[in-house]
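A short write-up of the structure that comes next.
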Amino acid sequence: MARWLRPLVGALLLLEGAAALSFLHHRYEEMVQALFRVQSQCPYVTRIYSIGRSVEGRHLYVLEFSDYPGIHEPLEPEFKYVGNMHGNEVLGRELLLQLSEFLCEEYRRGNERITHLIHDTRIHIMPSMNPDGYEVAAKQGPDSNGYLTGRNNANGVDLNRNFPDLNTFMYYSGEISGPNHHIPLPDNWKSQVEPETLAVIQWISSYNFVLSANLHGGAVVANYPYDKSQDQRFRSHRRTVNTPTPDDKLFQKLAKTYSYAHGWMHRGWNCGDYFADGITNGASWYSLSKGMQDFNYLYTNCFEITLELSCNKFPPEEDLERQWMANREALVAFIEEVHQGIKGMVSDENNNGIAGAVISVQGISHDITSGDMGDYFRLLLPGIYTVTASAEGYQPQTVTTTVGPAAPSLVHFQLKQDTVRKPPERKASGTRTNNKALQKKVVPRATRRGTQR
């Protein structure tokens, strides 16, 4: 199907019955009430949980949609939306509340597209990562809100500059053929991050997320990694250099999926800026250090993009309905992008799942790992790929597979135990062998003045 037709067909499906929604700004208590109202209306396919608390003690709530809430089903991918990371960028917060109501209502109506989406995907929606900052911004209101009022958390920290800087480690190690995936965190990382950042890092370490978007405001563009420039000479937004990931073409496709399904993002000219196709490489726009989307890519299996959704960071309530209609199809279409590439099980000869197995794709120097049950998900563009699964203590297995434009290809691996054993070290005279010294250290799987992302 032609690219321009897909958003149209999807939008027509969603128009089968759009429920009457309230287009209001929600303070913290009202946001919580809205989430629990959705949960009460769709109790069998939703769950609310908190990943932690903000500096001022507000819960960081997540609303989950799934046919088995609270349970990871093998071969069912995990998806997340995060909004309101900057407290004064509020459209994403309201859109995610609208999306939650919409998914529930359309599921109850029997909308086939939404039903399949909820049954085949575990969807996690966090409307606000920075509820403290939002309250500061909301006191000022849309009419008199300062450009930075409420941006940071209650400790005055920009949460999108607060994640461990794995880019610097990756850029340095890249010169000596080091890793650019599942990079371990520094020993003292917990003392360097805010409570909200800590909660998110622990959250994305506990769930094997596959795809994600982080919703911001101040521009209209879909931004993809890397955010931090590899050339450290260019730190100003006036001097930019494109810094692509090994999955650059895939990220461009993901960004275009949102942009072309959006009401006007794809046109390019928005908020006085021009971005071809409504997308941009983050570092090509301006270099950002310690951001969340790069951290997702370098530490976990998750592919995240940043969505800048409005010129006005705190749009008036009368503009919320127009913004919802412009973003509704894009929000749904982007979730559907989690169902592409390859997925499968990595198991041993007794059909036991192997957690932490490494899935490598020839020609793309970025690996992902299997989850706790042995299932894995590797987003890929259509094409022919040579894929290898490997795990400590097992012989690697390599297959060639074809990826189509629709559903993901199922590629399972059954690894045989490695019978070749390393000979034991000789014991020095009069000493005993230190068995701990023979054990390999296992790195835990993580399981512009304008907008300023």
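Every chain in the structure tokens takes a letter, A first, then B, and so on in the order presented; its residues are numbered from 1, and the ligands are numbered from 1 following the presented order.
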Q: Apply DSSP to the structure's backbone, then extract all residues of range 173-271 of chain A labelled strand (DSSP E) and return them as a list of chain:residue names.
A: A:Phe209, A:Val210, A:Leu211, A:Ser212, A:Ala213, A:Asn214, A:Leu215, A:His216, A:Ala219, A:Val220, A:Val221, A:Ala222, A:Asn223, A:Tyr224, A:Trp269, A:Asn270
Q | DSSP-assigned helix (DSSP H, G or I) among range 16-211 of chain A, expressed as a PyMOL selection string | A | chain A and resi 28-41+91-109+112-120+131-144+159-161+166-174+189-192+195-206
(Q) Just the number, please: distance in Å from CA of Ile51 in chain A to CA of Arg378 in chain A, one decimal. (A)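 CA of Arg378 in chain A lies 25.6 Å from CA of Ile51 in chain A.
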Determine, for each residue of range 36-141 of chain A having at least one atom at most 8 Å from an atom of range 310-324 of chain A, the closest pair of atoms and their separation in Å to one decimal, counting only C-alpha atoms; order by chain and ascending number, as a Markdown table.
```
| residue | atom | partner | partner_atom | distance |
| --- | --- | --- | --- | --- |
| A:Asn88 | CA | A:Lys313 | CA | 6.4 |
| A:Glu89 | CA | A:Lys313 | CA | 4.6 |
| A:Val90 | CA | A:Phe314 | CA | 5.6 |
| A:Leu91 | CA | A:Phe314 | CA | 6.7 |
| A:Glu94 | CA | A:Leu320 | CA | 7.9 |
| A:Leu95 | CA | A:Trp324 | CA | 6.2 |
| A:Gln98 | CA | A:Trp324 | CA | 7.5 |
| A:Gly141 | CA | A:Phe314 | CA | 7.8 |
```
**Q.** Residue nearest Asn84 in chain A - candidates A:Gly52, A:Pro405, A:Pro131, A:Gly344, atoms counted: only C-alpha atoms
**A.** A:Pro131
Q | Shell around Asn167 in chain A at 9 Å using only C-alpha atoms, local window under 5 positions removed, as a ChimeraX atom specification | A | /A:172,180,226,228-230,289-290,294-295,298
Please produce an output containing C-alpha atoms for each residue in the selection, written as a CSV table (one decimal), in the first residue's frame.
```
chain,number,residue,atom,x,y,z
A,172,TYR,CA,35.6,6.3,22.8
A,180,ASN,CA,27.6,0.3,21.2
A,226,TYR,CA,21.8,9.9,18.2
A,228,LYS,CA,24.7,13.6,21.1
A,229,SER,CA,27.2,14.5,18.4
A,230,GLN,CA,30.2,12.3,18.0
A,289,SER,CA,24.2,15.0,26.2
A,290,LYS,CA,22.7,12.6,28.8
A,294,ASP,CA,20.1,7.7,23.4
A,295,PHE,CA,20.2,6.0,26.8
A,298,LEU,CA,22.7,2.1,24.3
```
Q: Can you pull out every residue within 6 Å of Gly268 in chain A, counting only C-alpha atoms, but drop anything in the same chain fewer than 3 positions away, and send it as a ChimeraX atom specification?
A: /A:274-278
Same residues, C-alpha atoms, saved as an mmCIF file, in the first residue's frame:
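File out_14.cif, as written:
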```cif
data_model
loop_
_atom_site.group_PDB
_atom_site.id
_atom_site.type_symbol
_atom_site.label_atom_id
_atom_site.label_comp_id
_atom_site.auth_asym_id
_atom_site.auth_seq_id
_atom_site.Cartn_x
_atom_site.Cartn_y
_atom_site.Cartn_z
ATOM 1 C CA TYR A 274 12.127 23.412 8.344
ATOM 2 C CA PHE A 275 12.742 19.661 8.687
ATOM 3 C CA ALA A 276 12.475 17.559 5.515
ATOM 4 C CA ASP A 277 9.661 15.015 5.928
ATOM 5 C CA GLY A 278 9.143 16.400 9.432
#
```
Contacts of Ala326 in chain A at 8 Å (only C-alpha atoms; same-chain gap of 3+ positions) as a PDB file with all heavy atoms, in the first residue's frame:
```pdb
ATOM      1  N   HIS A 262       0.701  12.213  11.094  1.00  0.00           N
ATOM      2  CA  HIS A 262       0.334  13.435  11.809  1.00  0.00           C
ATOM      3  C   HIS A 262      -0.320  14.427  10.853  1.00  0.00           C
ATOM      4  O   HIS A 262      -0.088  14.395   9.638  1.00  0.00           O
ATOM      5  CB  HIS A 262       1.593  14.045  12.434  1.00  0.00           C
ATOM      6  CG  HIS A 262       1.351  15.227  13.313  1.00  0.00           C
ATOM      7  ND1 HIS A 262       1.215  16.505  12.828  1.00  0.00           N
ATOM      8  CD2 HIS A 262       1.235  15.333  14.659  1.00  0.00           C
ATOM      9  CE1 HIS A 262       1.017  17.348  13.842  1.00  0.00           C
ATOM     10  NE2 HIS A 262       1.028  16.656  14.968  1.00  0.00           N
ATOM     11  N   GLY A 263      -1.123  15.314  11.415  1.00  0.00           N
ATOM     12  CA  GLY A 263      -1.872  16.248  10.586  1.00  0.00           C
ATOM     13  C   GLY A 263      -1.018  17.149   9.724  1.00  0.00           C
ATOM     14  O   GLY A 263      -1.372  17.445   8.578  1.00  0.00           O
ATOM     15  N   TRP A 264       0.138  17.608  10.225  1.00  0.00           N
ATOM     16  CA  TRP A 264       0.951  18.549   9.457  1.00  0.00           C
ATOM     17  C   TRP A 264       2.451  18.424   9.704  1.00  0.00           C
ATOM     18  O   TRP A 264       3.237  19.111   9.077  1.00  0.00           O
ATOM     19  CB  TRP A 264       0.516  19.984   9.767  1.00  0.00           C
ATOM     20  CG  TRP A 264       0.460  20.306  11.236  1.00  0.00           C
ATOM     21  CD1 TRP A 264       1.501  20.635  12.052  1.00  0.00           C
ATOM     22  CD2 TRP A 264      -0.699  20.307  12.061  1.00  0.00           C
ATOM     23  NE1 TRP A 264       1.068  20.844  13.335  1.00  0.00           N
ATOM     24  CE2 TRP A 264      -0.291  20.662  13.368  1.00  0.00           C
ATOM     25  CE3 TRP A 264      -2.058  20.058  11.827  1.00  0.00           C
ATOM     26  CZ2 TRP A 264      -1.189  20.757  14.441  1.00  0.00           C
ATOM     27  CZ3 TRP A 264      -2.938  20.152  12.903  1.00  0.00           C
ATOM     28  CH2 TRP A 264      -2.508  20.498  14.180  1.00  0.00           C
ATOM     29  N   ARG A 322      -8.085  20.072  18.528  1.00  0.00           N
ATOM     30  CA  ARG A 322      -7.420  20.105  17.215  1.00  0.00           C
ATOM     31  C   ARG A 322      -6.116  19.312  17.262  1.00  0.00           C
ATOM     32  O   ARG A 322      -5.799  18.543  16.336  1.00  0.00           O
ATOM     33  CB  ARG A 322      -7.134  21.551  16.811  1.00  0.00           C
ATOM     34  CG  ARG A 322      -6.478  21.696  15.435  1.00  0.00           C
ATOM     35  CD  ARG A 322      -6.223  23.166  15.119  1.00  0.00           C
ATOM     36  NE  ARG A 322      -5.110  23.688  15.892  1.00  0.00           N
ATOM     37  CZ  ARG A 322      -3.848  23.768  15.452  1.00  0.00           C
ATOM     38  NH1 ARG A 322      -3.557  23.358  14.216  1.00  0.00           N
ATOM     39  NH2 ARG A 322      -2.901  24.263  16.214  1.00  0.00           N
ATOM     40  N   GLN A 323      -5.372  19.452  18.348  1.00  0.00           N
ATOM     41  CA  GLN A 323      -4.115  18.724  18.482  1.00  0.00           C
ATOM     42  C   GLN A 323      -4.359  17.217  18.603  1.00  0.00           C
ATOM     43  O   GLN A 323      -3.608  16.410  18.052  1.00  0.00           O
ATOM     44  CB  GLN A 323      -3.347  19.227  19.705  1.00  0.00           C
ATOM     45  CG  GLN A 323      -2.823  20.642  19.593  1.00  0.00           C
ATOM     46  CD  GLN A 323      -1.645  20.756  18.643  1.00  0.00           C
ATOM     47  OE1 GLN A 323      -1.121  19.766  18.140  1.00  0.00           O
ATOM     48  NE2 GLN A 323      -1.202  21.988  18.399  1.00  0.00           N
ATOM     49  N   GLU A 329      -4.207   9.397  14.941  1.00  0.00           N
ATOM     50  CA  GLU A 329      -3.789   8.313  14.050  1.00  0.00           C
ATOM     51  C   GLU A 329      -2.298   8.042  14.192  1.00  0.00           C
ATOM     52  O   GLU A 329      -1.861   6.882  14.181  1.00  0.00           O
ATOM     53  CB  GLU A 329      -4.136   8.651  12.601  1.00  0.00           C
ATOM     54  CG  GLU A 329      -3.468   7.763  11.551  1.00  0.00           C
ATOM     55  CD  GLU A 329      -3.805   6.289  11.700  1.00  0.00           C
ATOM     56  OE1 GLU A 329      -4.850   5.953  12.300  1.00  0.00           O
ATOM     57  OE2 GLU A 329      -3.005   5.468  11.214  1.00  0.00           O
ATOM     58  N   ALA A 330      -1.501   9.081  14.346  1.00  0.00           N
ATOM     59  CA  ALA A 330      -0.056   8.903  14.470  1.00  0.00           C
ATOM     60  C   ALA A 330       0.301   8.126  15.734  1.00  0.00           C
ATOM     61  O   ALA A 330       1.190   7.266  15.712  1.00  0.00           O
ATOM     62  CB  ALA A 330       0.636  10.267  14.474  1.00  0.00           C
TER      63      ALA A 330
END
```
Q. So which one's closest to Met170 in chain A, A:Asn223, A:Ser191, A:Trp203, A:Thr245? Using only C-alpha atoms, please.
A.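 Of all the options, A:Thr245 lies closest to Met170 in chain A.
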Q: Go through A:Pro195, A:Gly110, A:Gly363, A:Pro382 and flag the residue nearest Asn130 in chain A, using only C-alpha atoms for the distances.
A: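 Of the candidates, the smallest distance to Asn130 in chain A is held by A:Pro195.
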Q) Nearest to Phe102 in chain A among A:Ser22, A:Ser365, A:Asn152, A:Ser128, with distances taken over only C-alpha atoms: which residue is it? A) A:Ser22
(Q) Need to verify the contact set: Tyr49 in chain A, 12 Å, only C-alpha atoms, exclusion of same-chain residues closer than 2 positions in sequence. Can you return it as a PyMOL selection string? (A) chain A and resi 32+35-36+39+46-47+51-53+59-65+69-70+124-126+203
Q.
So, with only C-alpha atoms as the atoms that count, which of A:Thr419, A:Gly341, A:Ser212, A:Gln140 lies closest to Ile384 in chain A?
A.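 Using only C-alpha atoms, Ile384 in chain A sits closest to A:Gly341.
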Q. Nearest to Phe334 in chain A among A:Leu381, A:Leu254, A:Met373, A:Leu24, with distances taken over only C-alpha atoms: which residue is it?
A.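 Ranked by minimum distance to Phe334 in chain A, first place goes to A:Leu254.
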Q: Tell me, as a ChimeraX atom specification, which residues lie within 12 Å of Asp132 in chain A, counting only C-alpha atoms; anything in the same chain fewer than 4 positions away does not count.
A: /A:27-29,53-60,84-88,128,136-139,149-157,159,195-196
Take the selection from the previous step and output its residues with N, CA and C atoms, as an mmCIF file, in the first residue's frame.
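Produced file out_22.cif, reproduced below:
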```cif
data_model
loop_
_atom_site.group_PDB
_atom_site.id
_atom_site.type_symbol
_atom_site.label_atom_id
_atom_site.label_comp_id
_atom_site.auth_asym_id
_atom_site.auth_seq_id
_atom_site.Cartn_x
_atom_site.Cartn_y
_atom_site.Cartn_z
ATOM 1 N N ARG A 27 -4.550 18.736 36.257
ATOM 2 C CA ARG A 27 -3.565 18.802 37.333
ATOM 3 C C ARG A 27 -3.313 17.378 37.835
ATOM 4 N N TYR A 28 -2.384 17.225 38.754
ATOM 5 C CA TYR A 28 -1.960 15.878 39.163
ATOM 6 C C TYR A 28 -3.128 15.019 39.629
ATOM 7 N N GLU A 29 -3.930 15.551 40.574
ATOM 8 C CA GLU A 29 -5.039 14.757 41.105
ATOM 9 C C GLU A 29 -6.042 14.400 40.007
ATOM 10 N N ARG A 53 8.434 7.534 42.801
ATOM 11 C CA ARG A 53 7.881 8.833 43.164
ATOM 12 C C ARG A 53 8.813 9.962 42.731
ATOM 13 N N SER A 54 8.218 11.119 42.541
ATOM 14 C CA SER A 54 8.970 12.320 42.200
ATOM 15 C C SER A 54 9.654 12.870 43.441
ATOM 16 N N VAL A 55 10.420 13.932 43.270
ATOM 17 C CA VAL A 55 11.091 14.578 44.399
ATOM 18 C C VAL A 55 10.087 14.955 45.484
ATOM 19 N N GLU A 56 8.928 15.483 45.089
ATOM 20 C CA GLU A 56 7.912 15.913 46.043
ATOM 21 C C GLU A 56 6.922 14.813 46.403
ATOM 22 N N GLY A 57 7.224 13.586 46.009
ATOM 23 C CA GLY A 57 6.439 12.442 46.461
ATOM 24 C C GLY A 57 5.265 12.046 45.602
ATOM 25 N N ARG A 58 5.123 12.629 44.433
ATOM 26 C CA ARG A 58 4.015 12.242 43.557
ATOM 27 C C ARG A 58 4.359 10.950 42.820
ATOM 28 N N HIS A 59 3.386 10.075 42.699
ATOM 29 C CA HIS A 59 3.603 8.812 42.002
ATOM 30 C C HIS A 59 3.830 9.044 40.508
ATOM 31 N N LEU A 60 4.724 8.235 39.954
ATOM 32 C CA LEU A 60 4.941 8.216 38.507
ATOM 33 C C LEU A 60 4.120 7.043 37.970
ATOM 34 N N ASN A 84 5.470 14.485 29.215
ATOM 35 C CA ASN A 84 5.666 15.501 30.250
ATOM 36 C C ASN A 84 6.980 15.344 31.005
ATOM 37 N N MET A 85 8.039 14.929 30.295
ATOM 38 C CA MET A 85 9.366 14.844 30.908
ATOM 39 C C MET A 85 9.830 16.229 31.330
ATOM 40 N N HIS A 86 9.550 17.218 30.493
ATOM 41 C CA HIS A 86 9.714 18.613 30.859
ATOM 42 C C HIS A 86 8.348 19.110 31.344
ATOM 43 N N GLY A 87 8.295 19.580 32.573
ATOM 44 C CA GLY A 87 7.016 19.869 33.210
ATOM 45 C C GLY A 87 6.163 20.878 32.483
ATOM 46 N N ASN A 88 6.788 21.817 31.754
ATOM 47 C CA ASN A 88 6.020 22.849 31.062
ATOM 48 C C ASN A 88 5.677 22.491 29.626
ATOM 49 N N SER A 128 2.954 11.429 32.679
ATOM 50 C CA SER A 128 3.812 12.463 33.254
ATOM 51 C C SER A 128 5.010 11.859 33.973
ATOM 52 N N VAL A 136 4.212 23.424 38.780
ATOM 53 C CA VAL A 136 4.790 24.771 38.746
ATOM 54 C C VAL A 136 4.318 25.501 37.491
ATOM 55 N N ALA A 137 4.380 24.817 36.357
ATOM 56 C CA ALA A 137 3.963 25.425 35.093
ATOM 57 C C ALA A 137 2.467 25.709 35.085
ATOM 58 N N ALA A 138 1.673 24.797 35.640
ATOM 59 C CA ALA A 138 0.220 24.937 35.604
ATOM 60 C C ALA A 138 -0.253 26.114 36.445
ATOM 61 N N LYS A 139 0.475 26.453 37.503
ATOM 62 C CA LYS A 139 0.100 27.610 38.322
ATOM 63 C C LYS A 139 0.181 28.907 37.523
ATOM 64 N N THR A 149 9.533 28.001 32.742
ATOM 65 C CA THR A 149 8.844 27.813 34.015
ATOM 66 C C THR A 149 8.302 26.396 34.143
ATOM 67 N N GLY A 150 8.801 25.662 35.127
ATOM 68 C CA GLY A 150 8.355 24.293 35.355
ATOM 69 C C GLY A 150 9.035 23.250 34.494
ATOM 70 N N ARG A 151 10.001 23.663 33.699
ATOM 71 C CA ARG A 151 10.696 22.710 32.824
ATOM 72 C C ARG A 151 11.381 21.610 33.636
ATOM 73 N N ASN A 152 12.120 22.008 34.663
ATOM 74 C CA ASN A 152 12.916 21.062 35.443
ATOM 75 C C ASN A 152 12.092 20.409 36.552
ATOM 76 N N ASN A 153 12.697 19.443 37.228
ATOM 77 C CA ASN A 153 12.010 18.821 38.358
ATOM 78 C C ASN A 153 12.137 19.718 39.588
ATOM 79 N N ALA A 154 11.672 19.252 40.740
ATOM 80 C CA ALA A 154 11.651 20.089 41.938
ATOM 81 C C ALA A 154 13.045 20.416 42.454
ATOM 82 N N ASN A 155 14.060 19.670 42.024
ATOM 83 C CA ASN A 155 15.439 19.977 42.384
ATOM 84 C C ASN A 155 16.112 20.885 41.366
ATOM 85 N N GLY A 156 15.347 21.363 40.394
ATOM 86 C CA GLY A 156 15.895 22.256 39.384
ATOM 87 C C GLY A 156 16.739 21.568 38.337
ATOM 88 N N VAL A 157 16.507 20.269 38.119
ATOM 89 C CA VAL A 157 17.312 19.485 37.183
ATOM 90 C C VAL A 157 16.501 19.152 35.942
ATOM 91 N N LEU A 159 15.524 16.742 33.414
ATOM 92 C CA LEU A 159 15.552 15.273 33.404
ATOM 93 C C LEU A 159 16.064 14.703 32.095
ATOM 94 N N PRO A 195 15.455 11.314 41.397
ATOM 95 C CA PRO A 195 14.511 10.217 41.685
ATOM 96 C C PRO A 195 13.686 9.794 40.478
ATOM 97 N N GLU A 196 13.252 10.761 39.660
ATOM 98 C CA GLU A 196 12.449 10.422 38.481
ATOM 99 C C GLU A 196 13.277 9.646 37.460
#
```
